[in-house]
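Here the structure comes first, spelled out in structure tokens, and everything after it is commentary.
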Amino acid sequence: MRITGTFLDEISYDIPHQNWGPKEWEADFQAMKACGIDTVVLIRCGLQRFIALDSKVLVDKFGCYRPPIDLVELFLTLADKYGMAFYFGTYDLYGVHDDDMIQLEREINFPLCEEVWKKYSHHPSFKGWYLSLEFSRRNDKMIAFQHDLGAHVKALSGNLPVMVSPYIDGCKAVPAGGPLTKEHGITVEEHYKQWDAMLANMEGVLDAVAFQDGHVEYSELAEFLAANKELAVKHGMQSWTNCETFDRDMPIRFLPIKWEKMLLKLEAAEKAGLDKAITFEFSHFMSPNSMYTSAGHLYNRYMEYIQK
């Protein structure tokens, strides 16, 4: 199983910025290309007031800060140059799922996506949409919003694919800064039941589901991935895995993962027959250009693995 996609996380919540400009980003796209990455996914175009593009909707209507560089334009230009597919990630108020906030997400993202498509669709690498809100347990109002936004961006763009990357509410699904685990995570059976209902309501607007793989024990992962594959097939979607390349098992949040752990996850994904492996995320945790020296070593171990 090979990593063929990565998130681009430059509007971050809980990992540090590397303060890269166009030169550093191009070097990283070259490293991505060298290891077989063909898809880049902007994890979010904005978080609260910080944004990755020069957007009238976000700056003029919602008071976001105008960024010093339009990263969406930069990423699309680099994706054009290196033959990659780019998925645009929607705006995120981050983790607030009450009714008022869901309505505000609608008010922001619908006109924003119209603006984005008008502004950037000339790029040949613009190949899809990423709905950035992450959740795990059944939430009917959130699913209704995701359905409507997915249908909206498909109508805008001539049916370009839509993807999501939810998490599994396992024993490692805990807030950063607290304990590393909780006593009880969701069972495979309950996970399947809840996502069966949610994906049934996303049929026709959702093309790929890339569950995050870091919230359950390694011994449980194969069973969860097999369930995810079964769910995707049942609902006519592709089953991707989001192979996290940061380590959730250490008190320092977050550092590059140990290669042995990443290998276990890749082997479990291969056994489950998943369609594609992407990662969160290459530039910080797996790149030879990362601020973390150990990320470069992880890149070396991975290159040895794929060249065997």
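FYI, nothing fancy with the structure tokens labels: chains A, B, ... in order, residues from 1 per chain, ligands from 1 as they appear.
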Practice problem: Do a neighbour search on A:Glu230 at 10 Å with only C-alpha atoms, toss out local chain neighbours closer than 4 positions, and write the hits as a PyMOL selection string. | Solution: chain A and resi 192+196+224-226+234-235+237+239+272-274
Quiz item: Quick one: residues within 8 Å of stretch 28-35 of chain A, only C-alpha atoms counted, chain neighbours fewer than 3 positions away excluded, as a ChimeraX atom specification?
Solution: /A:24-25,38,78-79,82,282-283,287-289,303
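For stretch 36-74 of chain A, backbone-based DSSP assignment of strand (DSSP E) covers A:Thr39, A:Val40, A:Val41, A:Leu42, A:Gly46, A:Leu47, A:Phe50, A:Ile51.
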Practice problem: From a DSSP pass on the backbone, collect the residues of stretch 14-243 of chain A flagged as alpha helix (DSSP H) and hand them back as JSON, numbers by chain. | Solution: {"A": [22, 23, 24, 25, 26, 27, 28, 29, 30, 31, 32, 33, 34, 56, 71, 72, 73, 74, 75, 76, 77, 78, 79, 80, 81, 99, 100, 101, 102, 103, 104, 105, 106, 107, 108, 109, 110, 111, 112, 113, 114, 115, 116, 117, 118, 119, 120, 140, 141, 142, 143, 144, 145, 146, 147, 148, 149, 150, 151, 152, 153, 154, 155, 156, 157, 188, 189, 190, 191, 192, 193, 194, 195, 196, 197, 198, 199, 200, 218, 219, 220, 221, 222, 223, 224, 225, 226, 227, 228, 229, 230, 231, 232, 233, 234]}
Practice problem: Using only C-alpha atoms, pick whichever of A:Val153, A:Glu270, A:Ala197, A:Gly296 has the shortest atom-to-atom distance to A:Ala232. | Solution: A:Ala197
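Taking atom CA of A:Thr245 as the reference point, atom CA of A:Val205 is found at 28.5 Å.
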Quiz item: Any idea what's packed within 12 Å of A:Leu93, counting only C-alpha atoms, ignoring anything in its chain fewer than 5 positions away? Could you give it as a VMD selection string?
Solution: chain A and resid 11 13 44 to 51 58 62 64 98 100 to 109 132 to 134
Quiz item: Counting only C-alpha atoms, what is within 6 Å of stretch 128-131 of chain A, bar same-chain residues fewer than 6 positions away, as a list in words?
Solution: Tyr87, Phe88, Gly89, Thr90, Leu160, Pro161, Val162, Met163 and Val164 of chain A
Using the selection just defined, write its residues with N, CA and C atoms as a compact mmCIF listing (two decimals), in the first residue's frame.
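Saved file out35.txt follows:
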# COMPACT_ATOMS: atom_id res chain seq x y z
N TYR A 87 -7.61 19.09 -4.30
CA TYR A 87 -8.94 19.15 -3.73
C TYR A 87 -9.01 20.37 -2.81
N PHE A 88 -10.01 21.19 -3.02
CA PHE A 88 -10.17 22.41 -2.23
C PHE A 88 -10.90 22.09 -0.94
N GLY A 89 -10.33 22.49 0.21
CA GLY A 89 -10.95 22.27 1.51
C GLY A 89 -11.75 23.48 1.96
N THR A 90 -12.96 23.24 2.43
CA THR A 90 -13.88 24.30 2.79
C THR A 90 -13.47 25.00 4.09
N LEU A 160 -17.52 17.44 -10.04
CA LEU A 160 -16.22 17.04 -9.52
C LEU A 160 -16.40 16.26 -8.21
N PRO A 161 -15.49 15.30 -7.92
CA PRO A 161 -15.67 14.46 -6.74
C PRO A 161 -15.55 15.23 -5.43
N VAL A 162 -16.22 14.69 -4.42
CA VAL A 162 -16.25 15.25 -3.07
C VAL A 162 -15.75 14.18 -2.11
N MET A 163 -14.90 14.58 -1.17
CA MET A 163 -14.38 13.64 -0.18
C MET A 163 -14.51 14.21 1.22
N VAL A 164 -14.47 13.32 2.19
CA VAL A 164 -14.43 13.68 3.62
C VAL A 164 -13.40 12.80 4.31
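Restricting the calculation to only C-alpha atoms, the smallest distance between A:Asn139 and any of A:Phe110, A:Pro68, A:Cys243, A:Trp195 is found for A:Trp195.
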